Every structure is written in C-alpha cells, then in structure tokens.
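Below: one structure, written as structure tokens.
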Amino acid sequence: MSTKHSFEVAQDDEGLRLDQVIPKHVPGLSRRKARAVIDLGGVFVDRARVKVAGRPMKPGQKVEITLGGAIERTEPPPEPRIVHEDAAILVVDKPAGLVTAPTPEASRGDLLDQLARKFGEVYLVHRIDLPTSGLLVFARTREANKRLGDAFKSHDVDREYRAVAVGEVAARVIDRPIDRKRAVTHITPIEALPGATLVACRLETGRTHQIRIHLAGEGHPVAGDRTHGGETERAFRPRPPRLALHAMVLGFAHPVTGERVRWEAPLPPDLATWLEAVRQRKSS
C-alpha cells in the first residue's frame, strides 16, 4: 500500500536541498531514504516530478511524496517477453510483479520504461494489474496509438483471461457497474477443480480490477486475490504463488494494415505448476 505525504516549504527551509527538506517534514524518513524516493520518481514539487536530490528549495513550494512497495524492492524488475514486434506495435507478455506504467511512487523500472529504453518511442495503450501476467499491446507511433486507443474505446478488441475462481462457477454474463461505469464480463467454465473452477473471462469493457471485482461479487473470488477475495479466498488450499489471473488472448485490427491479428500466451510456469498441484487434490 502507498502512503502520501505533502507539506509546504517553510521560511527556514530556504536554500536547503530537496533531500534535506523532506526528512524534516516526513517523520521516520532518513535522508538516505529520501534520496532513494527522489531517484525512484516518487517526489513532486509544485505538481512536477523532481528527480534531483540537490535541488534548492524555496519557501511556499508544495512538496508531495508517495511511499510504497517500490522503495522496498531491491531486486531488478522481471523481464517481459516480446511476443511480436513491427514498426507500429509491440505485443508483450508481462510477468506478474511488473508495473505496466509509471506510478506516483516510481517512474522507472516499469514495463513502459523498459520498452522505451530498448525501442525508443513507445506509447501506453492499456494496462493490466501488477500481480496479473499476460498480453499487452504498446504503440510505436502516434497514429498507431490513436487507432488502438479508438479500438479500445469502442470495445473492438478481443481480450480473454484465464482465472482460477474459488468454488463451482457456472457460465454467466456479469453486467455490473464499477465506479458508476458500465462493466461487462463474460465467464465460461473450462475445468472443474477441487474447490475451484478454471474459467475463461472475456472482457467486453475494461475497468480497473474488473474481473476480480465481478467474480468476487458473485461469491467466487480469484484465488490469490488478497484485495477482493475476503475469507472465501483465504481459505483456499493449496495457496497460489500469486494472483491466479493471466491475460491469455489479445486480438485487434492492426493499426496500419487493418488486418485482424491475434496472439495467445500460455499460463506462465508459476501458475501452471500450482494449477497441476490443485488438480492432484482429486486423487489424494
């Protein structure tokens, strides 16, 4: 979880460095840690992200700091797999544990940052959650970004996830608003498991945490969902290595050729191995 701190630079702070001022106003934050937060991109001065620890401060400036998990992660971010590359788009299989794009607490190490460092100009088209793995498309030109953005807005995109939902799940269409916006998820059971169901989830809309919220609302949370799962999810065994949700299918009209293109990404090894352990409960 992230925590936010904000303060106004005082008169007696005038001329001090940014990494000197922050520890004065954020209890328990050392100067060393303040520099780490600045370097990550978690500090804004007058609403602009600042990554220069030695910047001299002026009275009246507003400083905002976001502290979260990024500062505690010391290992390099996981590497994505490039599924497709051409002059207009990149299709990427994102590993779980990798943030799709910059957040208020960090502006480097995320998937968009990694791609930009390798390929140059890259545009964010859509996102998937930090604990979710699977397929994403990024644009490499402004025109491709616009056309893909229009396709997502008009829901002319094929997006299908695999999830392990707790309990016995029947086929259904969940049409329930999220944050007062229309949200529709098509659920199809694929395999009955001990205490759970492997399901295909096709998104008709794309709201934040849509599949997780919709399944939890039906009483069948995604295994490993610590945010929306509640007691039903916490009782499930064996425990998954992380959120049991994977963006498996992605399809759309290519922004240059107009041809319908489609990719599939199999379950990654962590979920595949765990799913096999769940299946073994049948014979135990």
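Residues are referred to by chain and number: the chain letter is A, B, ... according to the order shown in the structure tokens, the number counts from 1 in that chain, and ligands are numbered separately from 1 in the order shown.
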>> Write out as a ChimeraX atom specification the set of residues from range 40-267 of chain A that DSSP, computed on the backbone, places in strand (DSSP E or B).
In response: /A:43-45,48-49,56,62-67,81-85,89-94,103,106,123-124,133-139,158-166,172-175,178,181,184-193,196-203,222,245-253,260-264
Using 9 Å as the limit and counting only C-alpha atoms, can you tabulate each residue of range 194-219 of chain A that touches range 235-255 of chain A, with its shortest atom-to-atom distance in Å and the two atoms involved, as a tab-separated table?
residue	atom	partner	partner_atom	distance
A:Gly195	CA	A:Phe236	CA	7.5
A:Ala196	CA	A:Phe236	CA	8.5
A:Ile211	CA	A:Leu245	CA	8.9
A:Arg212	CA	A:Leu245	CA	8.7
Output for the residues just chosen: N, CA and C atoms as a PDB file, in the first residue's frame:
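Contents of again.pdb, freshly written:
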ATOM      1  N   GLY A 195     -12.626 -27.643  -5.314  1.00  0.00           N
ATOM      2  CA  GLY A 195     -12.872 -26.388  -4.615  1.00  0.00           C
ATOM      3  C   GLY A 195     -12.763 -25.148  -5.466  1.00  0.00           C
ATOM      4  N   ALA A 196     -12.610 -25.302  -6.783  1.00  0.00           N
ATOM      5  CA  ALA A 196     -12.426 -24.138  -7.646  1.00  0.00           C
ATOM      6  C   ALA A 196     -12.813 -24.482  -9.078  1.00  0.00           C
ATOM      7  N   ILE A 211     -12.350  -8.057 -13.642  1.00  0.00           N
ATOM      8  CA  ILE A 211     -12.590  -9.489 -13.446  1.00  0.00           C
ATOM      9  C   ILE A 211     -12.581  -9.832 -11.961  1.00  0.00           C
ATOM     10  N   ARG A 212     -11.640  -9.272 -11.237  1.00  0.00           N
ATOM     11  CA  ARG A 212     -11.508  -9.563  -9.810  1.00  0.00           C
ATOM     12  C   ARG A 212     -12.742  -9.097  -9.038  1.00  0.00           C
TER      13      ARG A 212
END
>> Which residue is closest to Gly229 in chain A? Choose from A:Phe152, A:Pro194, A:Val166, A:Ala87 and count only C-alpha atoms.
In response: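 Of all the options, A:Val166 lies closest to Gly229 in chain A.
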> Residues at most 10 Å from range 220-222 of chain A, counting only C-alpha atoms, excluding those fewer than 4 positions away in the same chain, as JSON, numbers by chain?
Replying inline: {"A": [163, 164, 165, 166, 167, 168, 169, 196, 197, 198, 199, 211, 212, 213, 214, 215, 216, 226, 227, 228, 229, 230, 231, 232, 233, 234, 243, 244, 245]}
>> I need the residues of range 14-157 of chain A that end up classed as alpha helix (DSSP H) by DSSP on the backbone, written out as an NGL selection string.
In response: :A and (18-25 or 31-40 or 111-119 or 142-153)
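We find CA of Gly68 in chain A and CA of Leu203 in chain A to be spaced 29.7 Å apart.
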Please produce, as a tab-separated table, a per-residue contact table for range 133-236 of chain A versus range 109-125 of chain A (criterion: any atom at most 6 Å away, only C-alpha atoms considered), showing the nearest atom pair and its distance in Å to one decimal, sorted by chain then residue number.
residue	atom	partner	partner_atom	distance
A:Phe138	CA	A:Leu124	CA	5.5
A:Ala139	CA	A:Tyr123	CA	4.9
A:Arg140	CA	A:Val122	CA	4.7
